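A.B. asks: mmCIF, C-alpha atoms, file run_22.cif:
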```
data_coords
loop_
_atom_site.label_atom_id
_atom_site.label_comp_id
_atom_site.auth_asym_id
_atom_site.auth_seq_id
_atom_site.Cartn_x
_atom_site.Cartn_y
_atom_site.Cartn_z
CA MET H 1 31.77 -15.06 22.25
CA SER H 2 28.21 -14.95 21.00
CA THR H 3 25.30 -12.62 20.63
CA PHE H 4 22.87 -12.25 23.49
CA LYS H 5 20.29 -15.05 23.65
CA PRO H 6 18.16 -14.78 26.80
CA ARG H 7 17.15 -18.43 27.08
CA ALA H 8 20.67 -19.70 26.39
CA VAL H 9 22.19 -17.27 28.91
CA ALA H 10 19.65 -18.19 31.59
CA GLY H 11 20.18 -21.93 31.12
CA GLU H 12 23.95 -21.72 31.07
CA SER H 13 23.94 -19.38 34.08
CA LEU H 14 22.00 -21.95 36.13
CA VAL H 15 24.50 -24.65 35.17
CA VAL H 16 27.46 -22.39 36.02
CA GLY H 17 25.80 -21.38 39.30
CA ALA H 18 25.26 -25.03 40.27
CA ILE H 19 28.89 -25.89 39.46
CA PHE H 20 30.10 -22.85 41.40
CA ALA H 21 27.98 -23.79 44.42
CA LEU H 22 29.09 -27.44 44.47
CA LEU H 23 32.74 -26.56 43.99
CA GLY H 24 32.37 -24.04 46.81
CA LEU H 25 32.05 -26.91 49.29
CA VAL H 26 35.55 -28.07 48.32
CA ALA H 27 37.07 -24.60 47.95
CA ARG H 28 35.86 -23.58 51.40
CA THR H 29 37.94 -26.26 53.07
CA ALA H 30 40.92 -26.06 50.73
CA GLY H 31 41.09 -22.28 50.76
CA GLY H 32 42.54 -20.15 47.99
CA LEU H 33 40.88 -19.26 44.72
CA HIS H 34 37.40 -20.66 44.12
CA PRO H 35 37.60 -22.90 41.00
CA GLY H 36 34.09 -21.85 40.02
CA TRP H 37 35.44 -18.54 38.76
CA ILE H 38 36.68 -20.40 35.69
CA ALA H 39 33.09 -21.29 34.74
CA ILE H 40 31.96 -17.69 35.30
CA ALA H 41 34.94 -16.44 33.24
CA VAL H 42 33.87 -18.67 30.34
CA LEU H 43 30.31 -17.33 30.57
CA ALA H 44 31.59 -13.73 30.73
CA ALA H 45 33.84 -14.23 27.69
CA ARG H 46 30.96 -15.84 25.80
CA TYR H 47 28.17 -13.35 26.55
CA GLY H 48 29.98 -10.29 27.90
CA THR H 49 28.57 -8.27 30.77
CA VAL H 50 25.22 -10.04 30.62
CA GLY H 51 26.93 -13.41 30.97
CA PHE H 52 29.03 -12.27 33.92
CA LEU H 53 26.14 -10.71 35.84
CA SER H 54 23.78 -13.62 35.28
CA GLY H 55 26.46 -16.21 36.07
CA ALA H 56 27.68 -14.41 39.21
CA GLY H 57 24.11 -13.85 40.40
CA ALA H 58 23.15 -17.49 39.89
CA ALA H 59 26.36 -18.61 41.58
CA THR H 60 25.72 -16.42 44.63
CA ILE H 61 22.11 -17.55 45.04
CA LEU H 62 22.84 -21.26 44.53
CA THR H 63 25.87 -21.09 46.82
CA ALA H 64 23.65 -19.73 49.59
CA LEU H 65 21.01 -22.41 48.95
CA VAL H 66 23.59 -25.22 48.98
CA GLU H 67 25.06 -23.86 52.20
CA LEU H 68 21.65 -23.93 53.81
CA ALA H 69 20.96 -27.40 52.42
CA VAL H 70 24.09 -28.92 54.03
CA GLY H 71 23.21 -27.32 57.34
CA GLY H 72 25.84 -24.63 57.31
CA HIS H 73 25.49 -20.95 58.08
CA LEU H 74 24.42 -18.67 55.22
CA GLY H 75 27.42 -16.38 55.64
CA THR H 76 30.03 -19.12 55.79
CA GLY H 77 30.19 -19.90 52.07
CA LEU H 78 29.78 -16.30 51.00
CA ALA H 79 32.49 -15.10 53.40
CA HIS H 80 35.01 -17.31 51.63
CA LEU H 81 34.33 -15.39 48.41
CA ALA H 82 35.52 -12.15 50.08
CA SER H 83 39.12 -13.34 50.20
CA GLY H 84 41.78 -11.53 48.19
CA ALA H 85 42.25 -14.38 45.71
CA ASN H 86 38.52 -14.60 44.99
CA LEU H 87 38.24 -10.83 44.62
CA ALA H 88 41.08 -10.99 42.10
CA GLY H 89 39.23 -13.80 40.30
CA CYS H 90 36.07 -11.69 40.23
CA ALA H 91 38.05 -8.74 38.82
CA ALA H 92 39.47 -10.98 36.10
CA CYS H 93 35.94 -12.10 35.23
CA VAL H 94 34.84 -8.45 35.02
CA LEU H 95 37.70 -7.72 32.61
CA LEU H 96 36.76 -10.74 30.50
CA ALA H 97 33.14 -9.58 30.56
CA TRP H 98 34.17 -6.19 29.18
CA VAL H 99 36.23 -7.80 26.40
CA GLY H 100 33.39 -10.20 25.65
CA ALA H 101 30.91 -7.31 25.51
CA CYS H 102 33.13 -5.55 22.96
CA HIS H 103 33.26 -8.68 20.84
CA CYS H 104 29.51 -9.19 21.12
CA ARG H 105 28.91 -5.60 20.04
CA ARG H 106 31.26 -6.01 17.09
CA GLU H 107 29.55 -9.29 16.16
CA ARG H 108 26.14 -7.60 16.20
CA ASP H 109 27.50 -4.81 13.99
CA LEU H 110 28.89 -7.36 11.54
CA ILE H 111 25.59 -9.26 11.47
CA GLU H 112 23.66 -6.05 10.82
CA ARG H 113 26.13 -5.07 8.08
CA ALA H 114 25.85 -8.53 6.51
CA ALA H 115 22.05 -8.27 6.60
CA ALA H 116 22.21 -4.83 4.97
CA LEU H 117 24.56 -6.17 2.28
CA SER H 118 22.23 -9.12 1.72
CA ASP H 119 19.25 -6.80 1.34
CA GLY H 120 21.27 -4.62 -1.01
CA LEU H 121 22.27 -7.66 -3.05
CA THR H 122 18.62 -8.74 -3.28
CA ALA H 123 17.65 -5.26 -4.44
CA GLU H 124 20.50 -5.25 -6.96
CA ARG H 125 19.38 -8.60 -8.31
CA ALA H 126 15.81 -7.32 -8.64
CA THR H 127 17.13 -4.23 -10.43
CA ASN H 128 19.27 -6.36 -12.73
CA ASP H 129 16.28 -8.59 -13.53
CA ALA H 130 14.19 -5.52 -14.31
CA LEU H 131 16.96 -4.13 -16.53
CA LEU H 132 17.28 -7.45 -18.35
CA GLU H 133 13.53 -7.48 -18.95
CA SER H 134 13.72 -3.90 -20.24
CA VAL H 135 16.60 -4.83 -22.54
CA GLU H 136 14.61 -7.79 -23.85
CA VAL H 137 11.57 -5.60 -24.48
CA LEU H 138 13.72 -2.99 -26.25
CA ARG H 139 15.40 -5.70 -28.31
CA GLU H 140 12.02 -7.05 -29.39
CA ARG H 141 10.85 -3.54 -30.24
CA ALA H 142 14.03 -2.91 -32.23
CA GLU H 143 13.48 -6.14 -34.15
CA ARG H 144 9.87 -5.21 -34.82
CA THR H 145 10.92 -1.73 -35.90
CA ALA H 146 13.59 -3.16 -38.19
CA GLY H 147 11.01 -5.58 -39.59
CA SER H 148 8.49 -2.78 -40.05
CA LEU H 149 11.04 -0.58 -41.80
CA SER H 150 12.06 -3.43 -44.07
CA PHE H 151 8.39 -4.10 -44.85
CA LEU H 152 7.69 -0.43 -45.59
CA ARG H 153 10.80 -0.11 -47.76
CA ASP H 154 9.80 -3.18 -49.77
CA VAL H 155 6.19 -2.00 -50.16
CA ALA H 156 7.26 1.51 -51.12
CA SER H 157 9.71 0.27 -53.75
CA ARG H 158 6.98 -1.86 -55.36
CA LEU H 159 4.39 0.91 -55.24
CA ASP H 160 6.84 3.33 -56.83
CA GLY H 161 7.76 0.82 -59.54
CA MET H 162 6.10 0.35 -62.91
CA ASN H 163 5.08 -3.30 -62.40
CA ALA H 164 1.31 -3.02 -62.04
CA LEU H 165 0.71 -6.45 -60.49
CA SER H 166 3.56 -6.02 -58.01
CA ALA H 167 2.25 -2.54 -57.07
CA ALA H 168 -1.27 -3.91 -56.61
CA ASP H 169 0.04 -6.71 -54.40
CA ALA H 170 2.01 -4.17 -52.33
CA ALA H 171 -1.10 -1.99 -51.98
CA ALA H 172 -3.08 -4.97 -50.66
CA GLU H 173 -0.32 -5.77 -48.13
CA LEU H 174 -0.12 -2.18 -46.93
CA ALA H 175 -3.92 -1.95 -46.61
CA LEU H 176 -3.97 -5.08 -44.43
CA ALA H 177 -1.13 -3.79 -42.23
CA ARG H 178 -2.81 -0.39 -41.78
CA SER H 179 -6.35 -1.58 -41.05
CA GLY H 180 -5.95 -4.98 -39.43
CA ALA H 181 -8.55 -6.36 -41.87
CA SER H 182 -8.82 -10.00 -42.86
CA VAL H 183 -8.77 -9.57 -46.64
CA ALA H 184 -7.57 -6.85 -49.03
CA ILE H 185 -8.47 -6.85 -52.76
CA VAL H 186 -7.23 -4.61 -55.57
CA GLU H 187 -9.47 -4.51 -58.66
CA VAL H 188 -9.45 -2.63 -61.94
CA GLY H 189 -12.45 -1.82 -64.11
CA GLN H 190 -16.09 -1.58 -63.16
CA GLY H 191 -19.24 -3.61 -63.25
CA THR H 192 -18.97 -7.12 -64.64
CA ALA H 193 -15.77 -6.19 -66.42
CA ARG H 194 -13.83 -5.78 -63.18
CA ARG H 195 -10.63 -7.77 -62.95
CA ARG H 196 -8.79 -8.71 -59.77
CA LEU H 197 -5.16 -7.65 -59.85
CA ALA H 198 -4.18 -8.74 -56.34
CA SER H 199 -5.68 -10.13 -53.13
CA ARG H 200 -4.15 -10.65 -49.72
CA SER H 201 -5.57 -12.44 -46.68
CA ALA H 202 -4.33 -12.10 -43.12
CA ALA H 203 -5.18 -15.78 -42.67
CA GLU H 204 -3.84 -16.65 -46.14
CA LEU H 205 -7.40 -17.69 -47.02
CA LEU H 206 -10.07 -15.57 -48.71
CA ARG H 207 -13.42 -15.82 -47.00
CA SER H 208 -16.71 -13.98 -47.08
CA THR H 209 -17.38 -11.58 -44.23
CA PRO H 210 -20.59 -10.19 -42.71
CA GLU H 211 -22.10 -7.02 -44.08
CA GLY H 212 -20.85 -3.84 -42.53
CA GLU H 213 -17.22 -5.05 -42.27
CA ARG H 214 -16.11 -3.96 -45.75
CA LEU H 215 -14.46 -0.67 -46.65
CA SER H 216 -13.52 0.30 -50.20
CA VAL H 217 -12.20 3.30 -52.11
CA ARG H 218 -12.12 4.10 -55.83
CA ILE H 219 -9.53 5.95 -57.90
CA ARG H 220 -10.26 6.95 -61.52
CA LEU H 221 -7.59 5.72 -63.92
CA GLY H 222 -8.97 7.15 -67.12
CA HIS H 223 -12.22 8.09 -68.75
CA SER H 224 -13.90 4.79 -67.91
CA ASP H 225 -11.56 2.69 -65.75
CA PHE H 226 -11.39 2.70 -61.99
CA LEU H 227 -8.98 1.24 -59.45
CA THR H 228 -10.84 -0.18 -56.43
CA LEU H 229 -9.14 -1.08 -53.15
CA SER H 230 -11.39 -3.05 -50.78
CA ILE H 231 -10.79 -4.55 -47.36
CA ASP H 232 -13.00 -7.10 -45.61
CA GLY H 233 -13.20 -8.17 -41.99
CA VAL H 234 -12.31 -4.72 -40.72
CA PRO H 235 -12.24 -4.46 -36.90
CA ALA H 236 -14.76 -2.05 -35.39
CA THR H 237 -11.96 0.20 -34.12
CA ALA H 238 -10.60 0.57 -37.67
CA ARG H 239 -13.89 1.50 -39.37
CA THR H 240 -13.13 5.21 -39.20
CA PRO H 241 -12.73 8.12 -41.64
CA ALA H 242 -8.98 8.01 -40.98
CA THR H 243 -8.81 4.44 -42.29
CA LEU H 244 -10.72 5.43 -45.42
CA ARG H 245 -8.38 8.37 -45.95
CA ASP H 246 -5.34 6.09 -45.65
CA LEU H 247 -6.88 3.61 -48.07
CA GLN H 248 -7.41 6.49 -50.50
CA ILE H 249 -3.72 7.38 -50.20
CA VAL H 250 -2.63 3.77 -50.77
CA ALA H 251 -4.92 3.45 -53.80
CA ALA H 252 -3.65 6.75 -55.24
CA TRP H 253 -0.07 5.58 -54.68
CA CYS H 254 -0.78 2.37 -56.58
CA ALA H 255 -2.77 4.02 -59.41
CA PRO H 256 0.13 5.25 -61.60
CA ALA H 257 1.60 1.76 -61.91
CA VAL H 258 -1.82 0.16 -62.59
CA ALA H 259 -2.60 2.83 -65.19
CA THR H 260 0.26 1.51 -67.32
CA LEU H 261 -1.55 -1.79 -67.85
CA SER H 262 -2.91 -2.28 -71.34
CA ARG H 263 -6.14 -4.11 -72.05
CA GLU H 264 -4.15 -7.10 -73.24
CA GLU H 265 -2.24 -7.30 -69.94
CA LEU H 266 -5.37 -7.37 -67.75
CA PRO H 267 -6.44 -10.71 -66.27
CA THR H 268 -8.77 -12.46 -68.73
CA LYS H 269 -11.20 -13.84 -66.12
CA PRO H 270 -13.76 -11.30 -64.88
CA LEU H 271 -13.83 -10.78 -61.12
CA VAL H 272 -17.61 -10.51 -60.93
CA GLU H 273 -19.60 -13.37 -62.33
CA ALA H 274 -23.29 -13.96 -62.14
CA GLY H 275 -24.35 -14.23 -58.50
CA GLU H 276 -20.92 -13.37 -57.07
#
```
Rewrite the structure from the file as structure tokens, please.
C.D. replies:
Amino acid sequence: MSTFKPRAVAGESLVVGAIFALLGLVARTAGGLHPGWIAIAVLAARYGTVGFLSGAGAATILTALVELAVGGHLGTGLAHLASGANLAGCAACVLLAWVGACHCRRERDLIERAAALSDGLTAERATNDALLESVEVLRERAERTAGSLSFLRDVASRLDGMNALSAADAAAELALARSGASVAIVEVGQGTARRRLASRSAAELLRSTPEGERLSVRIRLGHSDFLTLSIDGVPATARTPATLRDLQIVAAWCAPAVATLSREELPTKPLVEAGE
């Protein structure tokens, strides 16, 4: 039993027809059932109705050709097939062809079902891969969110504290995170008396930057002192009024802690020297 394959059926039918025709020379003299029906029965069981029709047709044609080739009459060999035993053999082959056709149809259904299941499995695997990628992305986002929340909690606790240097350092970190700048500097005082309280670099290295890439805000601490928050290396997309407003908020948040510094607690080295 097998699915229908035209080339295979045609080739096997010619072989069966040749066997049937050659055996017909012996069966004609011996009488009784033609032994070639066994070959046709095998073909019918293997390919169903298609196998039976192609095998029987090839057998009939080749039997006639062989009969003519040996010098006999065309109807002699074919008349032997009309006997009761051969008609019974033909009927048995028809029954086998019907059973074979049922099996072939069931085999085709199973193959189609297996193909559908295979396609479904492939789709399920693709869906699972997509879900795994989504889970990985969500996990990374959750980790970033947890990291961001931890960072904000740490910065907020330092800005709300009374340690001026720690608050200034936190303000520089928050300014860098908000703006994407290269450098953030927190200064107190004005003119040549300015002192640097904290500085942060995205590259962990302070460097000069071209003109036009610096943003700074000032907060008054008292009658004469100012808190200045500056950022250098600001990306073009961040040089906006919104960034300045956020810097103002960060500086104002840091100002209460810095205002507690006494003159004696300020760094002794001026930030601005001659030519700086």
A.B. asks: Between atom CA of Ala193 of chain H and atom CA of Val250 of chain H, what is the distance, to one decimal in Å?
C.D. replies: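 For atom CA of Ala193 of chain H relative to atom CA of Val250 of chain H, the distance reads 22.7 Å.
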A.B. asks: With distances taken over only C-alpha atoms, which of H:Leu221, H:Cys93, H:Ala114, H:Leu174 is nearest to Ser201 of chain H?
C.D. replies: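 Distance minimum relative to Ser201 of chain H lands on H:Leu174.
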A.B. asks: Of the residues H:Ile185, H:Leu149, H:Leu25, H:Ala126, which is the one nearest to Ala64 of chain H, using all atoms listed in the file?
C.D. replies: H:Leu25
A.B. asks: Using all atoms listed in the file, can you tell me which of H:Leu65, H:Leu197, H:Val94, H:Val137 comes closest to Ala184 of chain H?
C.D. replies: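 Once distances to Ala184 of chain H are computed over all atoms listed in the file, the minimum belongs to H:Leu197.
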A.B. asks: Taking only C-alpha atoms into account, which of H:Gly51, H:Gly180, H:Pro6, H:Gly57 comes nearest Ala18 of chain H?
C.D. replies: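 The closest residue to Ala18 of chain H is H:Gly57.
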A.B. asks: Which residues match the PyMOL selection byres ((chain H and resi 158-165) around 6) in the file above, as a tab-separated table (two decimals) with C-alpha atoms, in the coordinates of the input?
C.D. replies:
```
chain	number	residue	atom	x	y	z
H	155	VAL	CA	6.19	-2.00	-50.16
H	156	ALA	CA	7.26	1.51	-51.12
H	157	SER	CA	9.71	0.27	-53.75
H	166	SER	CA	3.56	-6.02	-58.01
H	167	ALA	CA	2.25	-2.54	-57.07
H	168	ALA	CA	-1.27	-3.91	-56.61
H	254	CYS	CA	-0.78	2.37	-56.58
H	257	ALA	CA	1.60	1.76	-61.91
H	258	VAL	CA	-1.82	0.16	-62.59
```
A.B. asks: Expressed in Å to a single decimal, how great is the separation between atom CA of Leu23 of chain H and atom CA of Ala45 of chain H?
C.D. replies: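 Between atom CA of Leu23 of chain H and atom CA of Ala45 of chain H the gap is 20.5 Å.
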A.B. asks: Pick out the closest residue to Leu215 of chain H from this set: H:Ala198, H:His34, H:Thr243, H:Arg46. Count all atoms listed in the file.
C.D. replies: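 Closest residue, counting all atoms listed in the file: H:Thr243.
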A.B. asks: Rounded to one decimal in Å, what is the spacing between atom CA of Leu96 of chain H and atom CA of Ala44 of chain H?
C.D. replies: 6.0 Å
A.B. asks: Can you list what the PyMOL selection byres ((chain H and resi 97-111) around 10) grabs from this structure, as an mmCIF file with C-alpha atoms, keeping the file's coordinate frame?
C.D. replies:
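Saved to part_26.cif:
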```cif
data_model
loop_
_atom_site.group_PDB
_atom_site.id
_atom_site.type_symbol
_atom_site.label_atom_id
_atom_site.label_comp_id
_atom_site.auth_asym_id
_atom_site.auth_seq_id
_atom_site.Cartn_x
_atom_site.Cartn_y
_atom_site.Cartn_z
ATOM 1 C CA MET H 1 31.770 -15.060 22.250
ATOM 2 C CA SER H 2 28.210 -14.950 21.000
ATOM 3 C CA THR H 3 25.300 -12.620 20.630
ATOM 4 C CA PHE H 4 22.870 -12.250 23.490
ATOM 5 C CA ILE H 40 31.960 -17.690 35.300
ATOM 6 C CA ALA H 41 34.940 -16.440 33.240
ATOM 7 C CA VAL H 42 33.870 -18.670 30.340
ATOM 8 C CA LEU H 43 30.310 -17.330 30.570
ATOM 9 C CA ALA H 44 31.590 -13.730 30.730
ATOM 10 C CA ALA H 45 33.840 -14.230 27.690
ATOM 11 C CA ARG H 46 30.960 -15.840 25.800
ATOM 12 C CA TYR H 47 28.170 -13.350 26.550
ATOM 13 C CA GLY H 48 29.980 -10.290 27.900
ATOM 14 C CA THR H 49 28.570 -8.270 30.770
ATOM 15 C CA VAL H 50 25.220 -10.040 30.620
ATOM 16 C CA GLY H 51 26.930 -13.410 30.970
ATOM 17 C CA PHE H 52 29.030 -12.270 33.920
ATOM 18 C CA LEU H 53 26.140 -10.710 35.840
ATOM 19 C CA ALA H 91 38.050 -8.740 38.820
ATOM 20 C CA ALA H 92 39.470 -10.980 36.100
ATOM 21 C CA CYS H 93 35.940 -12.100 35.230
ATOM 22 C CA VAL H 94 34.840 -8.450 35.020
ATOM 23 C CA LEU H 95 37.700 -7.720 32.610
ATOM 24 C CA LEU H 96 36.760 -10.740 30.500
ATOM 25 C CA GLU H 112 23.660 -6.050 10.820
ATOM 26 C CA ARG H 113 26.130 -5.070 8.080
ATOM 27 C CA ALA H 114 25.850 -8.530 6.510
ATOM 28 C CA ALA H 115 22.050 -8.270 6.600
ATOM 29 C CA ALA H 116 22.210 -4.830 4.970
ATOM 30 C CA LEU H 117 24.560 -6.170 2.280
#
```
A.B. asks: Of the residues H:Ile249, H:Ala177, H:Arg195, H:Thr240, which is the one nearest to Arg218 of chain H, using all atoms listed in the file?
C.D. replies: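 That would be H:Ile249, the residue with the smallest distance to Arg218 of chain H.
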A.B. asks: Run the PyMOL selection byres ((chain H and resi 226) around 10) mentally over the shown coordinates, then write out the matched residues as a list in words, using the chain letters and numbers from the document.
C.D. replies: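 Here the PyMOL selection byres ((chain H and resi 226) around 10) matches Glu187, Val188, Gly189, Gln190, Arg194, Val217, Arg218, Ile219, Arg220, Leu221, Gly222, His223, Ser224, Asp225, Leu227, Thr228, Leu229, Ala255, Val258 and Ala259 of chain H.
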